[in-house]
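**Student:** Provided herewith: entry-v1.cif, mmCIF, C-alpha atoms and all ligand atoms.
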```
data_query
loop_
_atom_site.label_atom_id
_atom_site.label_comp_id
_atom_site.auth_asym_id
_atom_site.auth_seq_id
_atom_site.Cartn_x
_atom_site.Cartn_y
_atom_site.Cartn_z
CA MET I 14 17.93 -23.24 21.32
CA MET I 15 21.31 -24.93 21.56
CA ASN I 16 21.54 -28.61 22.43
CA ASP I 17 23.33 -29.75 25.56
CA MET I 18 26.44 -30.87 23.71
CA VAL I 19 27.08 -27.40 22.41
CA ILE I 20 26.21 -25.60 25.64
CA GLY I 21 28.44 -27.88 27.66
CA ALA I 22 31.07 -28.41 25.00
CA ASN I 23 34.70 -28.12 26.07
CA LEU I 24 33.91 -27.47 29.68
CA GLY I 25 35.99 -30.29 31.05
CA GLN I 26 35.71 -32.85 28.28
CA GLY I 27 39.33 -33.70 27.69
CA GLY I 28 42.27 -31.97 26.01
CA ALA I 29 43.83 -28.72 27.15
CA LYS I 30 40.54 -27.49 28.54
CA ASP I 31 40.80 -29.94 31.42
CA SER I 32 43.40 -27.54 32.76
CA PHE I 33 44.47 -24.32 31.12
CA THR I 34 47.07 -23.91 33.84
CA THR I 35 48.97 -27.14 33.14
CA ALA I 36 48.45 -26.96 29.36
CA LEU I 37 50.09 -23.50 29.41
CA GLY I 38 53.03 -24.76 31.47
CA LEU I 39 52.21 -22.66 34.54
CA GLY I 40 52.81 -23.85 38.10
CA THR I 41 49.98 -25.26 40.17
CA GLY I 42 51.17 -24.51 43.73
CA PRO I 43 50.00 -21.80 46.11
CA VAL I 44 51.19 -18.31 45.08
CA PRO I 45 53.02 -15.98 47.54
CA VAL I 46 51.16 -12.75 48.36
CA ASP I 47 54.19 -10.60 49.18
CA SER I 48 53.87 -8.85 45.79
CA TYR I 49 50.69 -7.11 47.05
CA ILE I 50 52.07 -5.78 50.32
CA SER I 51 55.87 -5.61 50.35
CA PRO I 52 57.40 -2.09 50.06
CA GLU I 53 60.60 -3.64 48.62
CA PHE I 54 58.64 -5.50 45.96
CA PHE I 55 56.79 -2.31 45.04
CA GLU I 56 60.04 -0.39 44.64
CA LEU I 57 61.31 -3.07 42.25
CA GLU I 58 58.02 -2.96 40.31
CA ARG I 59 58.45 0.79 40.01
CA THR I 60 61.96 0.65 38.58
CA ARG I 61 62.18 -2.74 36.92
CA VAL I 62 58.65 -3.20 35.60
CA PHE I 63 57.10 0.26 34.98
CA GLY I 64 60.54 1.80 34.40
CA ARG I 65 61.43 -0.74 31.69
CA ALA I 66 58.22 -2.13 30.10
CA TRP I 67 56.29 -0.57 27.21
CA LEU I 68 53.27 1.19 28.73
CA TYR I 69 49.96 2.00 27.06
CA VAL I 70 49.15 5.71 27.22
CA GLY I 71 46.29 6.30 24.79
CA ARG I 72 44.79 5.68 21.38
CA THR I 73 45.60 7.51 18.15
CA ASP I 74 41.99 8.71 17.83
CA GLN I 75 42.67 10.89 20.90
CA LEU I 76 45.00 12.83 18.56
CA PRO I 77 42.67 13.40 15.59
CA ASP I 78 44.54 16.28 13.92
CA ALA I 79 47.95 17.87 13.51
CA ASP I 80 48.89 19.67 16.77
CA SER I 81 46.46 17.57 18.87
CA PHE I 82 47.86 16.62 22.26
CA PHE I 83 47.04 14.96 25.57
CA VAL I 84 48.87 14.69 28.87
CA LYS I 85 49.22 11.40 30.71
CA LYS I 86 50.37 11.37 34.33
CA ILE I 87 52.32 8.22 35.18
CA GLU I 88 52.50 8.62 38.93
CA VAL I 89 54.35 5.36 39.59
CA CYS I 90 57.30 6.72 37.57
CA LYS I 91 56.74 10.34 38.71
CA ALA I 92 56.33 11.26 35.04
CA SER I 93 54.10 13.78 33.27
CA VAL I 94 53.98 12.68 29.64
CA LEU I 95 52.93 14.99 26.80
CA VAL I 96 51.78 13.02 23.75
CA MET I 97 51.48 15.09 20.56
CA ARG I 98 50.77 14.70 16.87
CA ASN I 99 53.06 17.01 14.94
CA ALA I 100 52.34 18.88 11.68
CA ALA I 101 53.57 15.89 9.67
CA GLY I 102 51.14 13.58 11.50
CA LYS I 103 53.74 11.75 13.59
CA VAL I 104 52.77 10.75 17.16
CA GLN I 105 55.53 11.32 19.71
CA ALA I 106 55.63 11.51 23.51
CA PHE I 107 57.82 13.93 25.49
CA HIS I 108 58.49 14.62 29.13
CA ASN I 109 56.20 17.56 29.90
CA VAL I 110 59.09 19.38 31.56
CA CYS I 111 60.44 22.79 30.63
CA SER I 112 64.09 22.94 29.57
CA HIS I 113 64.57 26.28 31.34
CA ARG I 114 64.08 25.39 35.02
CA GLY I 115 61.93 22.29 34.97
CA ASN I 116 58.36 23.54 35.32
CA LEU I 117 55.56 21.34 33.95
CA VAL I 118 54.70 23.02 30.64
CA VAL I 119 51.21 21.87 29.61
CA THR I 120 48.51 22.04 32.25
CA GLU I 121 45.42 21.16 30.18
CA GLN I 122 44.55 17.46 29.86
CA SER I 123 44.11 17.56 26.10
CA GLY I 124 43.51 19.92 23.20
CA ASN I 125 45.02 21.27 20.02
CA SER I 126 47.81 23.82 19.93
CA LYS I 127 50.75 24.66 17.67
CA LEU I 128 52.60 26.17 20.60
CA HIS I 129 52.87 25.25 24.26
CA ARG I 130 54.05 28.10 26.47
CA CYS I 131 55.54 27.49 29.91
CA ALA I 132 53.68 29.56 32.49
CA TYR I 133 56.82 30.52 34.46
CA HIS I 134 58.94 32.59 32.01
CA GLY I 135 57.22 31.95 28.71
CA TRP I 136 59.52 29.50 26.90
CA ALA I 137 57.43 28.06 24.05
CA TYR I 138 57.54 24.62 22.41
CA GLY I 139 56.15 23.43 19.08
CA SER I 140 54.03 20.31 18.55
CA ASP I 141 57.24 18.55 17.46
CA GLY I 142 58.76 19.27 20.89
CA SER I 143 61.25 21.83 19.56
CA LEU I 144 61.98 25.01 21.49
CA ALA I 145 60.31 27.71 19.42
CA GLY I 146 60.69 30.82 21.56
CA VAL I 147 62.69 32.22 24.48
CA PRO I 148 61.79 35.67 25.85
CA ASP I 149 64.86 37.96 26.20
CA GLN I 150 67.06 35.28 24.65
CA LYS I 151 70.05 37.65 24.23
CA ASN I 152 70.68 37.66 27.98
CA PHE I 153 71.29 33.88 28.14
CA PHE I 154 74.79 32.43 27.79
CA GLN I 155 75.62 29.87 25.07
CA LEU I 156 71.96 28.87 24.72
CA ASN I 157 71.58 26.44 21.82
CA LYS I 158 67.84 26.35 21.16
CA LYS I 159 68.19 23.19 19.08
CA GLU I 160 69.39 21.29 22.15
CA CYS I 161 66.70 22.67 24.44
CA GLY I 162 63.56 21.06 23.08
CA LEU I 163 61.32 18.87 25.25
CA THR I 164 62.94 15.55 26.14
CA PRO I 165 61.52 12.83 23.86
CA ILE I 166 60.27 9.53 25.26
CA ALA I 167 60.48 6.33 23.18
CA THR I 168 57.06 6.02 21.49
CA ASP I 169 55.55 3.42 19.20
CA VAL I 170 52.06 2.60 17.95
CA TRP I 171 50.50 -0.82 17.43
CA GLU I 172 47.06 -1.04 15.79
CA GLY I 173 46.24 2.49 16.95
CA TRP I 174 47.31 1.86 20.58
CA ILE I 175 50.09 4.25 21.67
CA PHE I 176 52.82 2.85 23.91
CA ILE I 177 55.80 4.55 25.53
CA ASN I 178 58.94 3.28 27.21
CA LEU I 179 60.49 5.39 29.96
CA GLN I 180 63.98 3.91 29.60
CA ARG I 181 66.21 6.52 27.95
CA GLU I 182 67.26 3.85 25.49
CA PRO I 183 64.74 0.99 25.63
CA GLU I 184 66.37 -2.42 25.82
CA ILE I 185 63.57 -3.90 23.72
CA SER I 186 61.32 -2.72 20.87
CA LEU I 187 57.51 -2.61 21.21
CA LYS I 188 57.32 -5.33 18.54
CA GLU I 189 59.53 -7.67 20.60
CA PHE I 190 57.69 -6.74 23.78
CA LEU I 191 54.23 -7.52 22.37
CA GLY I 192 55.63 -10.55 20.52
CA PRO I 193 53.03 -13.21 19.65
CA TYR I 194 50.18 -11.10 21.11
CA ALA I 195 50.69 -8.47 18.38
CA GLU I 196 50.82 -11.14 15.69
CA SER I 197 47.63 -12.83 16.92
CA TYR I 198 45.53 -9.68 17.39
CA ALA I 199 46.72 -7.79 14.30
CA GLY I 200 43.80 -6.74 12.12
CA VAL I 201 41.10 -6.84 14.80
CA PRO I 202 38.53 -4.23 13.71
CA TYR I 203 38.66 -1.64 16.50
CA GLY I 204 36.47 0.76 14.58
CA GLU I 205 37.41 4.42 14.90
CA GLY I 206 34.86 7.06 15.80
CA HIS I 207 33.32 5.09 18.63
CA GLU I 208 31.63 6.83 21.52
CA THR I 209 33.71 6.51 24.66
CA LEU I 210 32.57 6.23 28.24
CA VAL I 211 35.31 6.60 30.85
CA ILE I 212 35.00 5.45 34.45
CA GLU I 213 37.90 6.31 36.77
CA ALA I 214 38.45 5.57 40.44
CA ARG I 215 41.15 5.51 43.07
CA PHE I 216 41.36 2.61 45.48
CA LYS I 217 43.26 1.94 48.66
CA ALA I 218 44.52 -1.34 47.28
CA ASN I 219 47.54 -2.64 45.36
CA TRP I 220 47.17 -2.22 41.57
CA LYS I 221 47.25 -5.97 40.99
CA LEU I 222 44.20 -6.51 43.19
CA ILE I 223 42.15 -4.32 40.83
CA MET I 224 43.66 -6.09 37.82
CA ASP I 225 42.96 -9.51 39.37
CA ALA I 226 39.29 -8.53 39.76
CA PHE I 227 39.01 -8.50 35.95
CA SER I 228 41.23 -11.52 35.30
CA GLU I 229 38.90 -14.41 36.06
CA SER I 230 35.23 -15.40 35.92
CA TYR I 231 35.23 -17.79 38.90
CA HIS I 232 33.72 -14.90 40.93
CA VAL I 233 30.69 -14.45 38.62
CA PRO I 234 28.11 -16.52 40.55
CA ALA I 235 29.20 -15.05 43.92
CA ILE I 236 29.47 -11.32 43.19
CA HIS I 237 27.28 -10.87 40.12
CA PRO I 238 24.26 -13.08 40.97
CA ALA I 239 21.69 -10.64 39.59
CA THR I 240 23.62 -8.85 36.84
CA LEU I 241 26.09 -11.15 35.04
CA ALA I 242 25.48 -14.65 36.33
CA PRO I 243 22.29 -15.40 34.35
CA GLY I 244 24.02 -14.55 31.07
CA PHE I 245 27.56 -15.70 31.82
CA SER I 246 26.98 -18.97 33.62
CA HIS I 247 24.47 -21.78 33.35
CA PRO I 248 22.75 -23.48 36.29
CA VAL I 249 23.49 -26.94 34.86
CA HIS I 250 26.22 -26.73 32.23
CA ASN I 251 28.52 -24.04 33.58
CA LYS I 252 27.63 -23.16 37.13
CA TYR I 253 30.95 -21.46 37.91
CA ALA I 254 31.38 -19.52 34.65
CA ARG I 255 34.38 -21.55 33.56
CA PRO I 256 36.24 -19.97 30.60
CA LEU I 257 35.89 -21.48 27.14
CA SER I 258 39.57 -21.18 26.27
CA GLY I 259 42.78 -19.75 27.70
CA ASN I 260 46.06 -18.69 26.11
CA THR I 261 49.35 -17.03 26.88
CA PHE I 262 51.36 -14.97 24.39
CA GLY I 263 54.80 -14.50 25.96
CA LEU I 264 54.26 -11.80 28.60
CA HIS I 265 50.57 -11.47 27.76
CA SER I 266 47.50 -13.67 28.12
CA ALA I 267 43.84 -14.09 27.15
CA TRP I 268 40.73 -16.11 27.89
CA SER I 269 37.27 -16.38 26.41
CA ALA I 270 34.19 -16.00 28.58
CA TYR I 271 31.17 -18.25 28.39
CA GLY I 272 27.80 -16.85 27.35
CA ASN I 273 24.60 -18.68 28.22
CA PRO I 274 22.80 -19.26 24.91
CA GLU I 275 19.55 -19.88 26.79
CA TYR I 276 19.63 -16.45 28.43
CA ALA I 277 16.63 -14.21 27.89
CA PRO I 278 15.95 -10.99 29.79
CA PRO I 279 13.44 -11.60 32.59
CA PRO I 280 9.83 -10.54 31.80
CA ASN I 281 9.99 -7.55 34.16
CA SER I 282 13.23 -6.18 32.58
CA GLU I 283 11.40 -4.13 30.02
CA VAL I 284 14.26 -1.88 28.96
CA GLU I 285 16.60 -4.83 28.51
CA ARG I 286 13.94 -6.68 26.51
CA LEU I 287 13.63 -3.69 24.20
CA ALA I 288 17.37 -3.22 23.99
CA CYS I 289 18.72 -6.73 23.57
CA LYS I 290 18.47 -9.10 20.71
CA VAL I 291 19.59 -12.29 22.34
CA ASP I 292 18.96 -14.44 19.27
CA THR I 293 21.87 -12.74 17.50
CA GLY I 294 24.37 -13.71 20.19
CA GLY I 295 24.27 -10.18 21.49
CA LEU I 296 24.45 -10.95 25.18
CA LEU I 297 26.46 -7.78 25.52
CA GLY I 298 24.06 -5.65 23.57
CA SER I 299 24.84 -6.14 19.94
CA ASP I 300 23.13 -6.34 16.63
CA VAL I 301 24.87 -8.21 13.88
CA ASN I 302 26.63 -5.79 11.56
CA ASP I 303 29.76 -5.93 9.40
CA GLU I 304 32.07 -4.88 12.20
CA VAL I 305 30.67 -7.53 14.55
CA LEU I 306 30.94 -10.20 11.87
CA ARG I 307 34.57 -9.24 11.16
CA LEU I 308 35.33 -9.30 14.88
CA ARG I 309 33.79 -12.74 15.34
CA ALA I 310 35.59 -14.12 12.30
CA HIS I 311 39.03 -12.95 13.49
CA PRO I 312 41.08 -16.03 14.48
CA ALA I 313 42.23 -14.51 17.82
CA ILE I 314 38.71 -13.67 18.99
CA ASN I 315 36.94 -16.60 20.66
CA PRO I 316 39.76 -18.71 19.17
CA THR I 317 37.94 -22.04 19.55
CA LYS I 318 34.89 -20.41 17.91
CA GLU I 319 32.43 -21.64 20.54
CA THR I 320 28.81 -20.78 19.91
CA CYS I 321 28.31 -20.12 23.63
CA TRP I 322 30.78 -17.20 23.64
CA SER I 323 30.26 -13.79 25.22
CA ALA I 324 33.55 -11.88 25.45
CA ASP I 325 37.35 -12.12 25.39
CA VAL I 326 39.59 -10.74 28.12
CA THR I 327 43.19 -10.02 27.14
CA ALA I 328 45.96 -8.72 29.40
CA ILE I 329 48.96 -6.85 28.04
CA PHE I 330 51.77 -6.85 30.59
CA PRO I 331 52.07 -5.10 32.94
CA ASN I 332 48.82 -3.13 33.47
CA PHE I 333 46.61 -2.91 30.38
CA ASN I 334 43.62 -5.04 29.34
CA ILE I 335 41.84 -4.94 25.99
CA ASP I 336 38.54 -6.82 26.16
CA TYR I 337 36.29 -7.65 23.25
CA SER I 338 32.61 -8.40 22.84
CA THR I 339 30.10 -8.12 20.05
CA GLY I 340 28.74 -4.93 21.64
CA GLY I 341 32.08 -3.12 21.40
CA TYR I 342 35.35 -3.30 23.25
CA TRP I 343 36.73 -1.84 26.42
CA THR I 344 40.09 -1.29 28.09
CA HIS I 345 41.30 -1.21 31.65
CA GLU I 346 44.39 0.63 32.88
CA PHE I 347 45.62 -0.32 36.34
CA TRP I 348 48.07 2.38 37.45
CA PRO I 349 49.91 2.03 40.75
CA ILE I 350 50.19 5.20 42.82
CA SER I 351 51.86 3.58 45.79
CA ARG I 352 52.13 0.07 47.19
CA ASN I 353 48.51 0.21 48.36
CA GLU I 354 46.88 2.83 46.12
CA THR I 355 45.67 2.46 42.55
CA HIS I 356 44.24 4.67 39.82
CA TRP I 357 41.92 2.58 37.64
CA ILE I 358 40.66 3.80 34.26
CA LEU I 359 37.99 1.88 32.38
CA THR I 360 37.29 3.12 28.85
CA ILE I 361 34.27 1.60 27.16
CA ARG I 362 34.29 2.16 23.39
CA ILE I 363 30.88 1.77 21.86
CA PRO I 364 30.02 1.91 18.14
CA LYS I 365 27.99 4.95 17.08
CA ALA I 366 24.24 4.33 17.05
CA ASN I 367 22.49 4.41 13.68
CA SER I 368 18.92 3.91 14.92
CA VAL I 369 16.85 4.73 17.99
CA ARG I 370 16.73 1.05 18.95
CA ARG I 371 20.51 0.80 18.60
CA ARG I 372 20.93 3.89 20.76
CA LEU I 373 18.77 2.34 23.47
CA GLN I 374 20.67 -0.91 23.17
CA LEU I 375 24.02 0.84 23.60
CA GLU I 376 22.83 2.98 26.50
CA HIS I 377 21.63 -0.17 28.20
CA TYR I 378 24.96 -1.86 27.49
CA ALA I 379 26.90 1.04 29.05
CA ALA I 380 24.62 1.27 32.10
CA ARG I 381 24.82 -2.47 32.65
CA TRP I 382 28.62 -2.34 32.49
CA CYS I 383 28.80 0.41 35.10
CA GLU I 384 26.73 -1.74 37.42
CA ILE I 385 28.88 -4.82 36.81
CA VAL I 386 32.29 -3.21 37.23
CA LEU I 387 31.21 -1.63 40.51
CA GLU I 388 30.42 -5.14 41.71
CA ASP I 389 33.82 -6.29 40.43
CA VAL I 390 35.83 -3.87 42.55
CA THR I 391 33.78 -4.27 45.74
CA ASN I 392 36.24 -6.60 47.46
CA CYS I 393 39.60 -5.07 46.49
CA GLU I 394 40.15 -2.78 49.49
CA SER I 395 39.04 -5.50 51.85
CA ILE I 396 41.55 -7.95 50.30
CA GLN I 397 44.32 -5.38 50.82
CA LYS I 398 43.38 -5.16 54.50
CA GLY I 399 43.26 -8.94 54.77
CA LEU I 400 46.69 -9.39 53.19
CA GLU I 401 48.28 -6.57 55.19
CA SER I 402 47.23 -8.31 58.39
CA GLY I 403 49.98 -10.81 57.63
CA ALA I 404 47.63 -13.71 58.32
CA LYS I 405 48.34 -15.37 54.97
CA ASP I 406 51.59 -15.98 53.12
CA VAL I 407 50.02 -17.51 50.03
CA MET I 408 46.84 -17.58 47.96
CA TYR I 409 45.30 -20.60 46.22
CA LEU I 410 44.41 -20.12 42.56
CA GLN I 411 42.07 -22.44 40.69
CA ASP I 412 42.40 -23.27 37.01
CA GLY I 413 40.05 -20.52 35.85
CA GLU I 414 42.33 -18.00 37.60
CA PHE I 415 45.33 -18.88 35.41
CA MET I 416 45.67 -15.30 34.15
CA ILE I 417 46.55 -14.11 37.69
CA ARG I 418 49.09 -16.92 38.05
CA HIS I 419 50.67 -16.03 34.70
CA GLN I 420 50.87 -12.33 35.60
CA GLN I 421 52.50 -13.19 38.94
CA GLU I 422 55.08 -15.43 37.23
CA ILE I 423 56.01 -12.80 34.60
CA LEU I 424 56.08 -10.01 37.18
CA ARG I 425 58.46 -11.92 39.43
CA LYS I 426 60.77 -12.55 36.47
CA TRP I 427 60.88 -8.81 35.64
CA VAL I 428 61.38 -7.84 39.27
CA ASN I 429 64.28 -10.29 39.68
CA ALA I 430 65.98 -9.70 36.32
CA GLN I 431 68.94 -7.34 36.04
CA THR I 432 68.25 -6.78 32.34
CA VAL I 433 65.17 -6.88 30.14
CA ALA I 434 66.83 -9.60 28.03
CA GLU I 435 67.02 -11.76 31.18
CA ALA I 436 63.36 -10.97 32.03
CA MET I 437 62.24 -11.99 28.52
CA LYS I 438 63.89 -15.46 28.68
S1 LIG P 501 60.64 27.15 33.89
FE1 LIG P 501 59.65 27.18 31.98
S2 LIG P 501 60.10 29.15 31.20
FE2 LIG P 501 61.15 29.10 33.08
FE FE P 502 33.24 -9.66 37.23
#
```
Could you express the structure from this file as structure tokens?
Ligand code: FES
Ligand SMILES: [Fe+2]

**Tutor:**
Amino acid sequence: MMNDMVIGANLGQGGAKDSFTTALGLGTGPVPVDSYISPEFFELERTRVFGRAWLYVGRTDQLPDADSFFVKKIEVCKASVLVMRNAAGKVQAFHNVCSHRGNLVVTEQSGNSKLHRCAYHGWAYGSDGSLAGVPDQKNFFQLNKKECGLTPIATDVWEGWIFINLQREPEISLKEFLGPYAESYAGVPYGEGHETLVIEARFKANWKLIMDAFSESYHVPAIHPATLAPGFSHPVHNKYARPLSGNTFGLHSAWSAYGNPEYAPPPNSEVERLACKVDTGGLLGSDVNDEVLRLRAHPAINPTKETCWSADVTAIFPNFNIDYSTGGYWTHEFWPISRNETHWILTIRIPKANSVRRRLQLEHYAARWCEIVLEDVTNCESIQKGLESGAKDVMYLQDGEFMIRHQQEILRKWVNAQTVAEAMK
């Protein structure tokens, strides 16, 4: 068992941890709520944020072989994006729009194909986006097939995460956009070949309300009393699940969540008792193995190396979270559909099981997460209703909610800036 010093360490004992918000140079005043409800603000988010930022669309392991592809709908930008790996292995995104008369070419969500044929008149495209075939070509006029391939979209890959930029000529590279985040998190062992569990939902709420639900742990005692609170807070040392550390990386941010080292599954939770090995720090269902040890040793993960650590939450501007724990890692995508509608995609990536006990542990981990995230999103639609009533002009954020404040500050900069260079200042 940990002593009190360690359990309570850094939770308000001087230094930056007295206030992440002020240490990170963020404001401390009330924050306007117009960004959640204003149609004008949403239109600017559409064009100036989603139209100009690098956006996460998928992971390279979704394109395992030459000619693998997947389609990503980006409703906020009215785009259907076809992401393909060509014969040479290169990953490139294209607008999924036929050069003949504009039909959407690929209708499957994912697969493997050397040729994609448009259903309207049969124009066919290769996995490198080139126009490979035109039925009755001789009856066209001055048709230069070389100029009639699919329209490429700026694409780049960082650590296996595929990003696109919908500007015809992006004003900024992915490297500049990710900036210090990419430097800090380079080399994190993501582990290919994980099992993935995807949970998707649509909400009648602004996209940032869903994102905010996963941006702080202040809510843990109130909305997760039976599921998360016993493991992620402490009745004496950390009653309100205060984060262990908080950081910003230019446009992006991160915090580390507390884990109660005294937590043990209750006697009647027989499956959890079989599944979990709390003495290894596996609050989130982990055994110690090489991958877990490498993850824990990485300087960006639990950067203050607290012993009472459970998970890290990181937010990549504007709408993508990568979160880490010893049981695996998971991502959130928060895609706006309209001002008050959101498509949320949670992908939980879990290492492959190598024993029956491990399998049980991972199944328990996944089931527990489903339960928790459903609790997380419970209030979002009701907040949208509350804000749309016009009763409140501002919200009050406490220190543990600094990630929301940071996101709001960066978002406002991008919405107001004429150029990306101005937004990045
Ligand atoms: S619109 Fe695609 S072949 Fe005609
Ligand atoms: Fe939560």

**Student:** Please report the interatomic distance between atom CA of I:Phe55 and atom CA of I:Thr164 in Å with one decimal.

**Tutor:**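 Interatomic distance here is 26.7 Å.
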
**Student:** Enumerate, in order of chain and increasing residue number, the residues of chain I with an atom no farther than 9 Å from ligand LIG 501 (chain P), each with its shortest atom pair and distance in Å to one decimal, counting all atoms listed in the file, as CSV.

**Tutor:**
```
residue,atom,partner,partner_atom,distance
I:Val110,CA,P:LIG501,FE1,7.8
I:Cys111,CA,P:LIG501,FE1,4.7
I:Ser112,CA,P:LIG501,FE1,6.6
I:His113,CA,P:LIG501,FE2,4.8
I:Arg114,CA,P:LIG501,S1,4.0
I:Gly115,CA,P:LIG501,S1,5.1
I:Asn116,CA,P:LIG501,S1,4.5
I:Leu117,CA,P:LIG501,FE1,7.4
I:Val118,CA,P:LIG501,FE1,6.6
I:Arg130,CA,P:LIG501,S2,7.8
I:Cys131,CA,P:LIG501,FE1,4.6
I:Ala132,CA,P:LIG501,FE1,6.4
I:Tyr133,CA,P:LIG501,FE2,4.8
I:His134,CA,P:LIG501,S2,3.7
I:Gly135,CA,P:LIG501,S2,4.7
I:Trp136,CA,P:LIG501,S2,4.4
I:Ala137,CA,P:LIG501,S2,7.7
I:Val147,CA,P:LIG501,S2,7.8
I:Pro148,CA,P:LIG501,S2,8.6
```

**Student:** Please extract the residues at most 9 Å from ligand FE 502 (chain P), counting all atoms listed in the file, and provide them as a ChimeraX atom specification, using the chain letters and residue numbers of this document.

**Tutor:** /I:226-233,236-237,241,385-390

**Student:** Please compute the atom CA of I:Gly192-atom CA of I:Phe330 distance, one decimal, in Å.

**Tutor:** 11.4 Å

**Student:** Give one line per residue of stretch 310-416 of chain I that approaches stretch 176-179 of chain I to at most 12 Å, naming the two atoms of the closest pair and their distance in Å to one decimal, counting only C-alpha atoms; sort by chain then ascending residue number and deliver it as CSV.

**Tutor:**
```
residue,atom,partner,partner_atom,distance
I:Ile329,CA,I:Phe176,CA,11.2
I:Phe330,CA,I:Phe176,CA,11.8
I:Asn332,CA,I:Phe176,CA,12.0
I:Phe333,CA,I:Phe176,CA,10.7
```

**Student:** Would you mind listing what lies within 10 Å of I:Leu359 as a ChimeraX atom specification, with only C-alpha atoms counted and same-chain residues fewer than 3 positions away left out?

**Tutor:** /I:209-214,334,343-347,362,383,386

**Student:** Using all atoms listed in the file for the distances, tell me which of I:Ser351, I:Ser140, I:Asn392, I:Asn273 is nearest to I:Val249.

**Tutor:** I:Asn273

**Student:** Go through I:Val62, I:Leu37, I:Val119, I:Ile396 and flag the residue nearest I:Lys85, using all atoms listed in the file for the distances.

**Tutor:** I:Val119

**Student:** Under the rule that only C-alpha atoms are counted, which of I:Gly341, I:Asp169, I:Ser282, I:Glu304 is the nearest residue to I:Lys188?

**Tutor:**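 Of I:Gly341, I:Asp169, I:Ser282, I:Glu304, the one nearest I:Lys188, counting only C-alpha atoms, is I:Asp169.
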
**Student:** Please identify all polymer residues lying at most 12 Å from the point (37.0, -9.8, 11.8) (file coordinates), using all atoms listed in the file, and present the result as JSON, numbers by chain.

**Tutor:** {"I": [198, 199, 200, 201, 202, 203, 204, 302, 303, 304, 305, 306, 307, 308, 309, 310, 311, 312, 313, 314, 315, 316, 337, 338, 339]}

**Student:** Can I get stretch 409-413 of chain I with all heavy atoms filled in, as a PDB file, in the frame of the given file?

**Tutor:**
```
ATOM      1  N   TYR I 409      45.528 -19.378  46.988  1.00  0.00           N
ATOM      2  CA  TYR I 409      45.300 -20.600  46.220  1.00  0.00           C
ATOM      3  C   TYR I 409      44.509 -20.238  44.972  1.00  0.00           C
ATOM      4  O   TYR I 409      43.401 -19.714  45.071  1.00  0.00           O
ATOM      5  CB  TYR I 409      44.530 -21.622  47.059  1.00  0.00           C
ATOM      6  CG  TYR I 409      45.350 -22.070  48.253  1.00  0.00           C
ATOM      7  CD1 TYR I 409      45.296 -21.378  49.457  1.00  0.00           C
ATOM      8  CD2 TYR I 409      46.213 -23.153  48.148  1.00  0.00           C
ATOM      9  CE1 TYR I 409      46.068 -21.754  50.534  1.00  0.00           C
ATOM     10  CE2 TYR I 409      46.995 -23.544  49.228  1.00  0.00           C
ATOM     11  CZ  TYR I 409      46.921 -22.839  50.419  1.00  0.00           C
ATOM     12  OH  TYR I 409      47.703 -23.215  51.478  1.00  0.00           O
ATOM     13  N   LEU I 410      45.084 -20.491  43.812  1.00  0.00           N
ATOM     14  CA  LEU I 410      44.410 -20.120  42.560  1.00  0.00           C
ATOM     15  C   LEU I 410      43.868 -21.360  41.878  1.00  0.00           C
ATOM     16  O   LEU I 410      44.584 -22.356  41.734  1.00  0.00           O
ATOM     17  CB  LEU I 410      45.395 -19.402  41.626  1.00  0.00           C
ATOM     18  CG  LEU I 410      45.954 -18.075  42.154  1.00  0.00           C
ATOM     19  CD1 LEU I 410      47.003 -17.517  41.191  1.00  0.00           C
ATOM     20  CD2 LEU I 410      44.838 -17.041  42.354  1.00  0.00           C
ATOM     21  N   GLN I 411      42.624 -21.299  41.433  1.00  0.00           N
ATOM     22  CA  GLN I 411      42.070 -22.440  40.690  1.00  0.00           C
ATOM     23  C   GLN I 411      42.389 -22.263  39.208  1.00  0.00           C
ATOM     24  O   GLN I 411      42.949 -21.247  38.773  1.00  0.00           O
ATOM     25  CB  GLN I 411      40.570 -22.596  40.967  1.00  0.00           C
ATOM     26  CG  GLN I 411      39.690 -21.507  40.412  1.00  0.00           C
ATOM     27  CD  GLN I 411      38.588 -22.052  39.520  1.00  0.00           C
ATOM     28  OE1 GLN I 411      38.758 -22.066  38.313  1.00  0.00           O
ATOM     29  NE2 GLN I 411      37.461 -22.472  40.091  1.00  0.00           N
ATOM     30  N   ASP I 412      42.011 -23.273  38.422  1.00  0.00           N
ATOM     31  CA  ASP I 412      42.400 -23.270  37.010  1.00  0.00           C
ATOM     32  C   ASP I 412      41.877 -22.051  36.250  1.00  0.00           C
ATOM     33  O   ASP I 412      42.593 -21.461  35.436  1.00  0.00           O
ATOM     34  CB  ASP I 412      41.906 -24.574  36.364  1.00  0.00           C
ATOM     35  CG  ASP I 412      42.474 -24.739  34.969  1.00  0.00           C
ATOM     36  OD1 ASP I 412      43.694 -24.503  34.792  1.00  0.00           O
ATOM     37  OD2 ASP I 412      41.707 -25.070  34.053  1.00  0.00           O
ATOM     38  N   GLY I 413      40.637 -21.667  36.551  1.00  0.00           N
ATOM     39  CA  GLY I 413      40.050 -20.520  35.850  1.00  0.00           C
ATOM     40  C   GLY I 413      40.724 -19.199  36.203  1.00  0.00           C
ATOM     41  O   GLY I 413      40.467 -18.177  35.569  1.00  0.00           O
TER      42      GLY I 413
END
```
